[in-house]
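Q: Before I ask anything, here is the structure I am working with.
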Amino acid sequence: MDESDSKMSTTEKLLNAAEHRMRRGGYNAVSFRDLANDTNIKSSSVHYHYPKKEDLGTALVDRYSKRFFDTLNVKTENATTMEQKLKVYQSIIRSALVEDDAICLCGLLGAEGAGIPDVVANGVQNFFDENIKWLVSILPQEMSESQKSSMASTLLAGHQGAMMLARSMQDNKIFDTITNQLIKEAI
């Protein structure tokens, strides 16, 4: 355990360990016993913080969503064009793939759909809804609402799909090629 781990709360340690496992193996790749081992605490302590796995899943999706949108808002604060904003969006999603060597938590959970509790699935849906709202907000005003909605959905699905394909093919250039084309078509 390094010094930064010792200053981290038990809740943060649990969420970090769960996110690491979940983003690489899905919802069912996380067990409280594994989290206890990963964080050097008792299994009963994991249950103290998160009585049920769906409580952990919900907290994880909420934290992931908050971090994503906080980062997006900060990094687009000085962006003045739609292209600049889309490039920031692309870079944030790309960092999940390249820097974290994993795919988007909500993308992975969304793909699992029927295998996750409803409350977690609702959090994932909210993440995607918020992505679409944000994308719609940066698209040109001369586009109709239905055009904006369609383009936003295409951009979101394209980025998520490109991430999954790049990860599956073990080639991050696939993500760049696909998402650059999507951005080009959007502007």
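We label chains A, B, ... in the order they appear in the structure tokens, count residues from 1 in each chain, and number ligands from 1 in the order shown.
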Write out as a list in words each polymer residue whose atoms come within 7 Å of Arg33 in chain A, counting only C-alpha atoms; drop sequence neighbours fewer than 3 positions from it.
A: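 Once the nearby chain positions are removed, what remains is Ala36, Asn37 and Ser43 of chain A.
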Q: Please identify every residue of range 98-173 of chain A that has at least one atom no farther than 8 Å from an atom of range 62-68 of chain A, counting only C-alpha atoms, and for each give the shortest atom pair and the distance in Å to one decimal, arranged by chain then increasing number, as JSON lines.
A:
{"residue": "A:Leu105", "atom": "CA", "partner": "A:Tyr64", "partner_atom": "CA", "distance": 7.4}
{"residue": "A:Gly123", "atom": "CA", "partner": "A:Asp62", "partner_atom": "CA", "distance": 6.9}
{"residue": "A:Phe127", "atom": "CA", "partner": "A:Ser65", "partner_atom": "CA", "distance": 6.0}
Q: Can you tell me, as number ranges by chain, what residues are no more than 9 Å from Ser31 in chain A when counting only C-alpha atoms, ignoring any on the same chain fewer than 3 positions away?
A: A: 18, 28, 34-36, 53
Q: Since we have the selection now, will you write its residues out, keeping C-alpha atoms, as a PDB file, in the first residue's frame?
A:
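The result, stored in selection_29.pdb:
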ATOM      1  CA  ALA A  18     -14.786  -2.262  -7.581  1.00  0.00           C
ATOM      2  CA  ASN A  28     -20.517 -10.058 -11.952  1.00  0.00           C
ATOM      3  CA  ASP A  34     -12.546  -9.978  -3.624  1.00  0.00           C
ATOM      4  CA  LEU A  35     -13.048  -6.343  -2.617  1.00  0.00           C
ATOM      5  CA  ALA A  36     -12.161  -7.218   0.974  1.00  0.00           C
ATOM      6  CA  LYS A  53     -24.067  -5.264  -4.291  1.00  0.00           C
TER       7      LYS A  53
END
Q: At most 9 Å is the cut-off: for each residue in range 119-149 of chain A with any atom that close to an atom of range 80-83 of chain A, write down the nearest atom pair and the distance in Å rounded to one decimal, counting only C-alpha atoms, chain first then increasing number, as CSV.
A:
residue,atom,partner,partner_atom,distance
A:Ile138,CA,A:Met82,CA,6.0
A:Leu139,CA,A:Met82,CA,6.7
A:Pro140,CA,A:Met82,CA,8.0
Q: Please identify every residue of range 100-185 of chain A that has at least one atom no farther than 10 Å from an atom of range 54-58 of chain A, counting only C-alpha atoms, and for each give the shortest atom pair and the distance in Å to one decimal, arranged by chain then increasing number, as JSON lines.
A:
{"residue": "A:Leu109", "atom": "CA", "partner": "A:Gly57", "partner_atom": "CA", "distance": 9.7}
{"residue": "A:Ile116", "atom": "CA", "partner": "A:Glu54", "partner_atom": "CA", "distance": 8.2}
{"residue": "A:Pro117", "atom": "CA", "partner": "A:Glu54", "partner_atom": "CA", "distance": 6.3}
{"residue": "A:Asp118", "atom": "CA", "partner": "A:Glu54", "partner_atom": "CA", "distance": 8.7}
{"residue": "A:Val119", "atom": "CA", "partner": "A:Thr58", "partner_atom": "CA", "distance": 6.8}
{"residue": "A:Val120", "atom": "CA", "partner": "A:Thr58", "partner_atom": "CA", "distance": 5.1}
{"residue": "A:Ala121", "atom": "CA", "partner": "A:Thr58", "partner_atom": "CA", "distance": 8.6}
{"residue": "A:Asn122", "atom": "CA", "partner": "A:Thr58", "partner_atom": "CA", "distance": 8.9}
{"residue": "A:Gly123", "atom": "CA", "partner": "A:Thr58", "partner_atom": "CA", "distance": 6.6}
{"residue": "A:Val124", "atom": "CA", "partner": "A:Thr58", "partner_atom": "CA", "distance": 8.9}
Q: Those residues you just picked out, can you put them in a file as a short mmCIF file (atom, residue, chain, number, x, y, z; two decimals), in the first residue's frame with C-alpha atoms?
A:
data_model
loop_
_atom_site.label_atom_id
_atom_site.label_comp_id
_atom_site.auth_asym_id
_atom_site.auth_seq_id
_atom_site.Cartn_x
_atom_site.Cartn_y
_atom_site.Cartn_z
CA LEU A 109 -22.81 -2.07 -17.72
CA ILE A 116 -27.66 -5.92 -13.62
CA PRO A 117 -30.16 -4.71 -11.00
CA ASP A 118 -32.74 -2.16 -12.14
CA VAL A 119 -31.40 0.56 -9.85
CA VAL A 120 -27.93 0.23 -11.41
CA ALA A 121 -29.42 0.07 -14.92
CA ASN A 122 -31.33 3.30 -14.16
CA GLY A 123 -28.06 5.01 -13.22
CA VAL A 124 -26.48 3.82 -16.46
#
Q: Within 7 Å of range 155-174 of chain A, which residues of range 97-127 of chain A show up? Give each one with its shortest atom-to-atom distance in Å (one decimal) and the two atoms involved, counting only C-alpha atoms, rows by chain then rising residue number, as JSON lines.
A:
{"residue": "A:Leu97", "atom": "CA", "partner": "A:Met163", "partner_atom": "CA", "distance": 6.6}
{"residue": "A:Ile103", "atom": "CA", "partner": "A:Met163", "partner_atom": "CA", "distance": 6.3}
{"residue": "A:Gly107", "atom": "CA", "partner": "A:Gln160", "partner_atom": "CA", "distance": 6.3}
Q: Which one is closest to Ala102 in chain A: A:Ala186, A:Thr11, A:Glu142, A:Met22? Count only C-alpha atoms.
A: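 Answer, going by the shortest atom-to-atom distance: A:Met22.
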Q: Could you work out how far CA of Gly115 in chain A lies from CA of Phe175 in chain A, giving the answer in Å with one decimal?
A: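 These atoms are spaced 26.5 Å apart.
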Q: How many Å separate CA of Ser137 in chain A from CA of Glu19 in chain A?
A: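 Distance between the two atoms: 29.2 Å.
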Q: Neighbouring residues of range 151-153 of chain A were defined as those with any atom within 6 Å, considering only C-alpha atoms; residues of the same chain fewer than 5 positions away were excluded. Please report them as a PyMOL selection string.
A: chain A and resi 132+135-136
Q: Rank A:Val61, A:Met8, A:Met143, A:Leu182 by their smallest atom-to-atom distance to Cys104 in chain A, using only C-alpha atoms, and report the top residue only.
A: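 Checking each of A:Val61, A:Met8, A:Met143, A:Leu182 against Cys104 in chain A, counting only C-alpha atoms, the winner is A:Val61.
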